[in-house]
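**Student:** Sharing a structure here in structure tokens format.
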Amino acid sequence: MKKTIIAILFLCVLNSCATHDAAEDPDNLNPVNSYFDLYFGSSYSNMFYHLFGNQISENLVDDSFTRQLATPTPFLNGVNNTTYYITWNSYWDNVFLYVIAPSEHVIGIAKSHNLPMFANWGKFIQILAMSKLTAYHGPVIYSNYGSTGSTILYDKESDLYTRFFTELDSIQAVFKANKTYEYFKKYDTSYNGDVVKWMKVVNSMRLRLAIRISKVAPSVAKTQGEKAMSDPAGLITTNADNFSVNLNGNILPIAQICFNWDDTRMDAAMESFLIGLKDNRISSFFQPATDNTLYPEHPDYPYKGIRSGAYLDAKDQRLAFSKIANSFNSVTTRRYMTAAEVCFLNAEAALRGWKDAGNAKEDYETGVRLSFEDWKATGVDTYLADATSKPIDYIDPKDSRNNFTTRSTITVAWNEAVSPELKLEKIISQKWINNFTNSLESWVDFRRTGYPKLPYNAKNDSNADWGIIAPNDFIKRMPFVDSERKNNAAGVADAVSKMGTGAKDDIATRLWWDTGASNF
């Protein structure tokens, strides 16, 4: 079913209830008005929650592709997304049904009742969602959303980012003019209605998107990045200002997948980096393995991960490998953007010579310190001074075909004498560790920079059906969803044509910002 039809059905259901007259003046918005409670209270919190995916749209996609979490389960006889044969592809539906459709409705309500702050808040949520969706697929339907034509055209990636930045300008202007606005409070589960903190998120989001396109559109990226860093509202710089999304009483998806279903475990790359670098965040992320025979190569570190894209014979072979930390069972929020990530964005911006980025070394070290603080880990001073510890090789005690020799030789300590390329590898490797549970951004960084230097798939089932990935390469994108291929074939064909010469709707075609060129 086309997304326009889904949106129409969604709007019809909501509009059947939207008969209450509300005051046009936003100052007269009644904080206890049941009409606004219905459409703002539930809609905004649910839209934020659905910015993230679930098992088949996140855990078996970017969690695996970025080597943060891996499955012990040989789904579909071991041939699936994790081995580069696309089986599940549902984030598109998640975004359009649970974020874009309801956001269009609440934006319409807000505009009709002269509530520009709520309208712009809804637009900002759309940017948060669409900037993630385009990182999966490339071109997406944005400016033509809601069209009832037989063919719905997708936005070209470069046009999407131009639109994102323009919309961020408008959003920030409205927020700046309404810093003391009171009526977000009842519906805002992230910042309790603090508009000034939302302004920091807008700037931080602009910087994230600017860094994302810094190789393919360096002039635009520099302009937008410097705008974000120089804005008086500032960026997210403390953990108290981290942008987290409320789980609305739900269990964190990876906790459900790990503890209820036993379908995810620590990834082998996490074992390689965290143990090799003597990183105390490991206990904040994972539990020790329950079989002490699994890690003879590092007995002082009782953790064991599974290689993503591994040869798996039976699920019960690796259930004793490291689960995620028990604390994830009881969390009530999940991170969307943190002060540590913003510091790492600043550090990369400094390497690229952007004004107001600060000093790369200071940004990098502050990012690591903020990450340790956020994840409640100790020993950061010793960690930052370590110039010798490096990622370790991996041994799978159940199947040697999954063993790998680490591709990374980085250390943690900053070295001003090394090349910008090596400095960037340090920055992105630390950003990857920090962004645990937010793997989409790590997948973006990995594709555009090649860092961290992660292991290749052991088992590679890619073929002509979905595109071929070489043994020494990685998946580049998710194909467009089947419903669009069937019901909007001309739109999909046009979208592929916008991806460049030789592009295909397959997993081997690079996205616009993934140039494959050197980083500097």
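Numbering starts fresh at 1 for the residues of each chain in the structure tokens, the chains themselves are lettered A, B, ... in the order given, and ligands are numbered from 1 as they appear.
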Could you pull the residues within 8 Å of range 232-248 of chain A, counting only C-alpha atoms, minus those fewer than 2 positions along the same chain, as number ranges by chain?

**Tutor:** A: 45-46, 48-49, 189-190, 196-197, 199-201, 203-204, 228-230, 250-252, 332-340, 342-343, 370, 373-374

**Student:** Show me, as a list in words, the residues that have an atom within 8 Å of range 278-284 of chain A when counting only C-alpha atoms, minus same-chain residues fewer than 6 positions from it.

**Tutor:** Ala325, Ser327, Phe372, Trp375, Lys376, Ala377, Thr378, Gly379, Tyr383 and Ser389 of chain A

**Student:** Can I get the selection written as an mmCIF file, in the first residue's frame, with C-alpha atoms?

**Tutor:**
data_model
loop_
_atom_site.group_PDB
_atom_site.id
_atom_site.type_symbol
_atom_site.label_atom_id
_atom_site.label_comp_id
_atom_site.auth_asym_id
_atom_site.auth_seq_id
_atom_site.Cartn_x
_atom_site.Cartn_y
_atom_site.Cartn_z
ATOM 1 C CA ALA A 325 24.089 -4.951 30.581
ATOM 2 C CA SER A 327 20.683 -1.917 33.389
ATOM 3 C CA PHE A 372 32.670 8.044 30.289
ATOM 4 C CA TRP A 375 27.941 5.827 30.639
ATOM 5 C CA LYS A 376 29.048 5.976 34.304
ATOM 6 C CA ALA A 377 32.475 4.499 33.634
ATOM 7 C CA THR A 378 35.656 5.144 35.617
ATOM 8 C CA GLY A 379 39.330 5.530 34.750
ATOM 9 C CA TYR A 383 42.409 5.652 29.314
ATOM 10 C CA SER A 389 46.905 -0.587 23.928
#

**Student:** Neighbouring residues of Phe124 in chain A were defined as those with any atom within 10 Å, considering only C-alpha atoms; residues of the same chain fewer than 4 positions away were excluded. Please report them as a list of chain:residue names.

**Tutor:**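 Non-adjacent residues within range: A:Ser103, A:Phe118, A:Ala119, A:Asn120, A:Leu128, A:Ala129, A:Met130, A:Phe164, A:Glu167, A:Leu168, A:Ser170, A:Ile171, A:Gln172, A:Trp198, A:Val201, A:Val202, A:Met205.
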
**Student:** Using all heavy atoms, can you export the residues from the last selection as a CSV table (one decimal), in the first residue's frame?

**Tutor:**
chain,number,residue,atom,x,y,z
A,103,SER,N,2.7,13.5,12.1
A,103,SER,CA,3.3,14.8,12.2
A,103,SER,C,2.6,15.8,11.2
A,103,SER,O,2.4,17.0,11.6
A,103,SER,CB,4.8,14.8,11.9
A,103,SER,OG,5.1,14.4,10.6
A,118,PHE,N,4.2,24.8,18.0
A,118,PHE,CA,3.9,23.3,17.8
A,118,PHE,C,4.1,22.9,16.4
A,118,PHE,O,4.5,21.8,16.1
A,118,PHE,CB,2.5,23.1,18.3
A,118,PHE,CG,2.3,22.9,19.8
A,118,PHE,CD1,2.0,24.0,20.6
A,118,PHE,CD2,2.6,21.7,20.4
A,118,PHE,CE1,1.9,23.9,22.0
A,118,PHE,CE2,2.5,21.6,21.8
A,118,PHE,CZ,2.2,22.6,22.6
A,119,ALA,N,3.7,23.8,15.4
A,119,ALA,CA,3.9,23.4,14.0
A,119,ALA,C,5.4,23.2,13.7
A,119,ALA,O,5.8,22.3,13.0
A,119,ALA,CB,3.4,24.5,13.1
A,120,ASN,N,6.3,24.1,14.3
A,120,ASN,CA,7.7,23.9,14.0
A,120,ASN,C,8.3,22.8,14.8
A,120,ASN,O,9.3,22.2,14.3
A,120,ASN,CB,8.4,25.3,14.3
A,120,ASN,CG,8.3,26.3,13.2
A,120,ASN,OD1,9.0,26.2,12.2
A,120,ASN,ND2,7.2,27.1,13.3
A,128,LEU,N,14.2,15.0,11.9
A,128,LEU,CA,14.9,14.0,12.6
A,128,LEU,C,14.6,12.6,12.0
A,128,LEU,O,15.6,11.8,11.9
A,128,LEU,CB,14.4,14.0,14.1
A,128,LEU,CG,14.7,15.2,15.0
A,128,LEU,CD1,14.1,15.0,16.3
A,128,LEU,CD2,16.2,15.5,15.1
A,129,ALA,N,13.4,12.4,11.6
A,129,ALA,CA,13.0,11.1,11.0
A,129,ALA,C,13.6,11.0,9.5
A,129,ALA,O,14.2,9.9,9.2
A,129,ALA,CB,11.5,11.0,11.0
A,130,MET,N,13.4,12.0,8.7
A,130,MET,CA,13.8,11.9,7.3
A,130,MET,C,15.3,11.9,7.2
A,130,MET,O,15.8,11.2,6.3
A,130,MET,CB,13.2,13.1,6.5
A,130,MET,CG,11.8,12.9,6.2
A,130,MET,SD,11.6,11.5,5.0
A,130,MET,CE,9.8,11.5,4.8
A,164,PHE,N,16.6,20.4,4.4
A,164,PHE,CA,16.7,20.3,5.9
A,164,PHE,C,17.3,21.6,6.5
A,164,PHE,O,16.8,22.1,7.5
A,164,PHE,CB,17.7,19.1,6.2
A,164,PHE,CG,17.2,17.7,5.9
A,164,PHE,CD1,18.1,16.7,5.6
A,164,PHE,CD2,15.8,17.5,5.9
A,164,PHE,CE1,17.6,15.4,5.4
A,164,PHE,CE2,15.4,16.2,5.6
A,164,PHE,CZ,16.3,15.1,5.4
A,167,GLU,N,14.8,24.4,6.4
A,167,GLU,CA,13.8,24.2,7.5
A,167,GLU,C,14.3,24.5,8.9
A,167,GLU,O,13.6,25.0,9.7
A,167,GLU,CB,13.2,22.8,7.3
A,167,GLU,CG,12.3,22.7,6.1
A,167,GLU,CD,11.7,21.3,5.9
A,167,GLU,OE1,12.3,20.4,6.5
A,167,GLU,OE2,10.8,21.2,5.1
A,168,LEU,N,15.6,24.1,9.1
A,168,LEU,CA,16.2,24.3,10.4
A,168,LEU,C,16.3,25.8,10.6
A,168,LEU,O,16.1,26.3,11.8
A,168,LEU,CB,17.5,23.6,10.5
A,168,LEU,CG,17.5,22.1,10.6
A,168,LEU,CD1,19.0,21.6,10.5
A,168,LEU,CD2,16.9,21.7,11.9
A,170,SER,N,14.2,28.1,9.6
A,170,SER,CA,12.9,28.6,10.0
A,170,SER,C,12.5,28.2,11.4
A,170,SER,O,11.9,29.0,12.2
A,170,SER,CB,11.8,28.1,9.0
A,170,SER,OG,12.1,28.5,7.7
A,171,ILE,N,12.8,26.9,11.7
A,171,ILE,CA,12.5,26.4,13.0
A,171,ILE,C,13.2,27.2,14.1
A,171,ILE,O,12.6,27.6,15.1
A,171,ILE,CB,12.8,24.9,13.1
A,171,ILE,CG1,11.9,24.1,12.2
A,171,ILE,CG2,12.8,24.4,14.6
A,171,ILE,CD1,12.4,22.7,11.9
A,172,GLN,N,14.5,27.4,13.9
A,172,GLN,CA,15.3,28.1,14.9
A,172,GLN,C,14.8,29.6,15.1
A,172,GLN,O,14.8,30.1,16.2
A,172,GLN,CB,16.8,28.1,14.5
A,172,GLN,CG,17.7,28.5,15.7
A,172,GLN,CD,17.8,27.4,16.8
A,172,GLN,OE1,16.8,26.9,17.2
A,172,GLN,NE2,19.0,27.1,17.2
A,198,TRP,N,15.8,23.0,23.3
A,198,TRP,CA,15.5,22.6,22.0
A,198,TRP,C,16.3,23.4,20.9
A,198,TRP,O,16.7,22.8,19.9
A,198,TRP,CB,14.0,22.7,21.7
A,198,TRP,CG,13.2,21.6,22.3
A,198,TRP,CD1,12.4,21.6,23.4
A,198,TRP,CD2,13.2,20.3,21.9
A,198,TRP,NE1,11.9,20.4,23.6
A,198,TRP,CE2,12.3,19.5,22.7
A,198,TRP,CE3,13.8,19.6,20.8
A,198,TRP,CZ2,12.1,18.2,22.6
A,198,TRP,CZ3,13.6,18.2,20.7
A,198,TRP,CH2,12.7,17.5,21.5
A,201,VAL,N,19.5,21.6,20.5
A,201,VAL,CA,19.3,20.4,19.7
A,201,VAL,C,19.3,20.8,18.2
A,201,VAL,O,19.9,20.1,17.4
A,201,VAL,CB,18.0,19.6,20.1
A,201,VAL,CG1,17.9,18.4,19.2
A,201,VAL,CG2,18.1,19.3,21.6
A,202,VAL,N,18.6,21.8,17.9
A,202,VAL,CA,18.5,22.3,16.5
A,202,VAL,C,19.9,22.6,16.0
A,202,VAL,O,20.3,22.1,14.9
A,202,VAL,CB,17.6,23.5,16.3
A,202,VAL,CG1,17.7,24.1,14.9
A,202,VAL,CG2,16.1,23.2,16.7
A,205,MET,N,21.9,19.3,15.6
A,205,MET,CA,21.4,18.5,14.5
A,205,MET,C,22.0,19.1,13.2
A,205,MET,O,22.4,18.4,12.3
A,205,MET,CB,19.9,18.5,14.4
A,205,MET,CG,19.3,17.6,13.4
A,205,MET,SD,19.7,15.8,13.9
A,205,MET,CE,19.2,15.0,12.3

**Student:** Just the number, please: distance in Å from CA of Pro74 in chain A to CA of Thr405 in chain A, one decimal.

**Tutor:**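 Distance reported for this atom pair: 23.3 Å.
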
**Student:** Might you pull out every residue within 9 Å of Asn59 in chain A, with only C-alpha atoms counted and same-chain residues fewer than 4 positions away left off, and present them as a CSV table (one decimal) with N, CA, C and O atoms, in the first residue's frame?

**Tutor:**
chain,number,residue,atom,x,y,z
A,53,GLY,N,14.0,2.2,15.4
A,53,GLY,CA,13.4,1.0,14.8
A,53,GLY,C,13.3,-0.1,15.9
A,53,GLY,O,13.4,0.1,17.1
A,54,ASN,N,13.2,-1.3,15.4
A,54,ASN,CA,13.0,-2.5,16.3
A,54,ASN,C,14.0,-3.6,15.8
A,54,ASN,O,15.0,-3.3,15.1
A,55,GLN,N,13.6,-4.8,16.0
A,55,GLN,CA,14.5,-5.9,15.7
A,55,GLN,C,14.8,-6.0,14.2
A,55,GLN,O,16.0,-6.0,13.8
A,63,ASP,N,22.6,-2.1,13.7
A,63,ASP,CA,23.3,-2.7,14.8
A,63,ASP,C,24.3,-3.7,14.3
A,63,ASP,O,25.4,-3.8,14.9
A,64,SER,N,23.9,-4.5,13.3
A,64,SER,CA,24.8,-5.5,12.8
A,64,SER,C,25.8,-5.0,11.8
A,64,SER,O,27.0,-5.3,11.9
A,69,LEU,N,26.2,-4.9,17.8
A,69,LEU,CA,25.5,-6.1,18.3
A,69,LEU,C,25.4,-7.1,17.2
A,69,LEU,O,25.3,-6.8,16.0
A,70,ALA,N,25.4,-8.4,17.6
A,70,ALA,CA,25.3,-9.5,16.6
A,70,ALA,C,24.3,-10.5,17.2
A,70,ALA,O,24.0,-10.6,18.4
A,71,THR,N,23.7,-11.3,16.2
A,71,THR,CA,22.7,-12.3,16.6
A,71,THR,C,23.4,-13.6,16.8
A,71,THR,O,24.2,-14.0,16.0
A,253,PRO,N,14.0,-1.6,23.0
A,253,PRO,CA,14.0,-2.7,22.1
A,253,PRO,C,15.1,-3.7,22.2
A,253,PRO,O,14.9,-4.9,22.1
A,254,ILE,N,16.3,-3.3,22.3
A,254,ILE,CA,17.4,-4.3,22.4
A,254,ILE,C,17.4,-5.1,23.7
A,254,ILE,O,17.9,-6.2,23.7
A,257,ILE,N,14.9,-7.8,22.8
A,257,ILE,CA,15.5,-8.7,21.9
A,257,ILE,C,16.5,-9.6,22.6
A,257,ILE,O,16.6,-10.8,22.3
A,264,THR,N,20.1,-11.3,20.5
A,264,THR,CA,21.2,-10.4,20.3
A,264,THR,C,22.2,-10.5,21.4
A,264,THR,O,21.9,-10.8,22.5
A,439,SER,N,23.0,3.2,16.6
A,439,SER,CA,23.9,2.6,15.5
A,439,SER,C,23.8,3.3,14.2
A,439,SER,O,24.7,3.2,13.4

**Student:** Could you give me, as a PyMOL selection string, the residues within 7 Å of range 456-472 of chain A, counting only C-alpha atoms and dropping anything in the same chain fewer than 2 positions from it?

**Tutor:** chain A and resi 79+83-86+308-311+401-402+454+474-475+506-508

**Student:** Just the residues within 12 Å of Tyr142 in chain A, please, counting only C-alpha atoms, with nothing from its chain fewer than 5 positions along; format it as a ChimeraX atom specification.

**Tutor:** /A:3-4,95-96,100-101,104,123,126-127,129-131,133-134,147,152-157,159-161,163-164

**Student:** Given the choices A:Arg407, A:Lys398, A:Lys227, A:Lys426, which gets closest to Tyr364 in chain A if the distance is worked out from only C-alpha atoms?

**Tutor:**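 Comparing A:Arg407, A:Lys398, A:Lys227, A:Lys426 against Tyr364 in chain A, the winner is A:Lys426.
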
**Student:** With DSSP run on the backbone, what are the alpha helix (DSSP H) residues within range 362-500 of chain A? I'd like them as a ChimeraX atom specification.

**Tutor:** /A:362-374,380-385,420-434,439-449,482-487,489-497

**Student:** Extract, using only C-alpha atoms, all DNA, RNA and protein residues at most 9 Å from range 288-296 of chain A, discarding same-chain residues fewer than 6 positions from it, and format them as a list in words.

**Tutor:**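 Contacts, in chain order: Pro302, Tyr303, Lys304, Gly305, Leu319, Ala320, Phe321, Ser322, Lys323, Ala325, Ile395, Asp396, Pro397 and Lys398 of chain A.
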
**Student:** Could those residues be written to a file, using N, CA and C atoms, as an mmCIF file, in the first residue's frame?

**Tutor:**
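That gives us part23.cif:
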data_model
loop_
_atom_site.group_PDB
_atom_site.id
_atom_site.type_symbol
_atom_site.label_atom_id
_atom_site.label_comp_id
_atom_site.auth_asym_id
_atom_site.auth_seq_id
_atom_site.Cartn_x
_atom_site.Cartn_y
_atom_site.Cartn_z
ATOM 1 N N PRO A 302 36.219 -10.966 31.081
ATOM 2 C CA PRO A 302 35.352 -12.129 30.878
ATOM 3 C C PRO A 302 34.185 -11.884 29.920
ATOM 4 N N TYR A 303 34.490 -11.313 28.759
ATOM 5 C CA TYR A 303 33.446 -10.993 27.790
ATOM 6 C C TYR A 303 33.701 -11.747 26.486
ATOM 7 N N LYS A 304 32.635 -12.056 25.784
ATOM 8 C CA LYS A 304 32.773 -12.725 24.489
ATOM 9 C C LYS A 304 31.662 -12.249 23.552
ATOM 10 N N GLY A 305 32.065 -11.812 22.362
ATOM 11 C CA GLY A 305 31.126 -11.340 21.359
ATOM 12 C C GLY A 305 30.979 -12.305 20.204
ATOM 13 N N LEU A 319 24.500 -18.722 23.174
ATOM 14 C CA LEU A 319 23.679 -18.026 24.160
ATOM 15 C C LEU A 319 24.465 -17.647 25.407
ATOM 16 N N ALA A 320 25.579 -18.322 25.668
ATOM 17 C CA ALA A 320 26.410 -18.002 26.828
ATOM 18 C C ALA A 320 27.325 -16.805 26.575
ATOM 19 N N PHE A 321 27.357 -16.296 25.328
ATOM 20 C CA PHE A 321 28.165 -15.122 25.012
ATOM 21 C C PHE A 321 27.542 -13.900 25.696
ATOM 22 N N SER A 322 28.237 -12.792 25.698
ATOM 23 C CA SER A 322 27.858 -11.630 26.503
ATOM 24 C C SER A 322 26.557 -10.981 26.067
ATOM 25 N N LYS A 323 25.610 -10.903 27.018
ATOM 26 C CA LYS A 323 24.394 -10.145 26.818
ATOM 27 C C LYS A 323 24.687 -8.661 27.040
ATOM 28 N N ALA A 325 24.125 -5.145 29.131
ATOM 29 C CA ALA A 325 24.089 -4.951 30.581
ATOM 30 C C ALA A 325 22.651 -5.011 31.097
ATOM 31 N N ILE A 395 38.788 -14.505 18.393
ATOM 32 C CA ILE A 395 38.704 -15.954 18.249
ATOM 33 C C ILE A 395 37.300 -16.402 18.625
ATOM 34 N N ASP A 396 36.647 -17.102 17.698
ATOM 35 C CA ASP A 396 35.335 -17.680 17.980
ATOM 36 C C ASP A 396 35.550 -19.113 18.455
ATOM 37 N N PRO A 397 35.279 -19.390 19.725
ATOM 38 C CA PRO A 397 35.548 -20.734 20.257
ATOM 39 C C PRO A 397 34.618 -21.806 19.693
ATOM 40 N N LYS A 398 33.597 -21.408 18.953
ATOM 41 C CA LYS A 398 32.646 -22.370 18.399
ATOM 42 C C LYS A 398 32.888 -22.676 16.928
#

**Student:** Which residue, A:Leu60, A:Leu511, A:Leu76, A:Ser112, has the smallest gap to Asp313 in chain A when you use only C-alpha atoms?

**Tutor:** A:Leu76

**Student:** At most 9 Å is the cut-off: for each residue in range 344-390 of chain A with any atom that close to an atom of range 207-212 of chain A, write down the nearest atom pair and the distance in Å rounded to one decimal, counting only C-alpha atoms, chain first then increasing number, as a Markdown table.

**Tutor:**
| residue | atom | partner | partner_atom | distance |
| --- | --- | --- | --- | --- |
| A:Leu345 | CA | A:Arg208 | CA | 6.8 |
| A:Asn346 | CA | A:Leu207 | CA | 8.3 |
| A:Glu348 | CA | A:Ile211 | CA | 7.8 |
| A:Ala349 | CA | A:Ile211 | CA | 7.2 |

**Student:** Dump C-alpha atoms for the selected residues as an mmCIF file, in the first residue's frame?

**Tutor:**
data_model
loop_
_atom_site.group_PDB
_atom_site.id
_atom_site.type_symbol
_atom_site.label_atom_id
_atom_site.label_comp_id
_atom_site.auth_asym_id
_atom_site.auth_seq_id
_atom_site.Cartn_x
_atom_site.Cartn_y
_atom_site.Cartn_z
ATOM 1 C CA LEU A 345 31.567 16.435 15.596
ATOM 2 C CA ASN A 346 33.483 19.525 16.727
ATOM 3 C CA GLU A 348 36.179 16.541 13.054
ATOM 4 C CA ALA A 349 35.126 20.084 12.161
#

**Student:** Could you pull out the residues in range 299-380 of chain A that DSSP calls strand (DSSP E or B) from the backbone, as a PyMOL selection string?

**Tutor:** chain A and resi 306+324+333-337

**Student:** Any idea what the distance is between CA of Ala385 in chain A and CA of Pro452 in chain A?

**Tutor:**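 For CA of Ala385 in chain A relative to CA of Pro452 in chain A, the distance reads 19.8 Å.
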
**Student:** For Tyr44 in chain A, which of A:Leu115, A:Lys176, A:Ile141, A:Asp188 is the closest residue, counting only C-alpha atoms?

**Tutor:** A:Asp188

**Student:** Could you work out how far CA of Val61 in chain A lies from CA of Ser400 in chain A, giving the answer in Å with one decimal?

**Tutor:**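 According to the coordinates, CA of Ser400 in chain A and CA of Val61 in chain A are separated by 24.2 Å.
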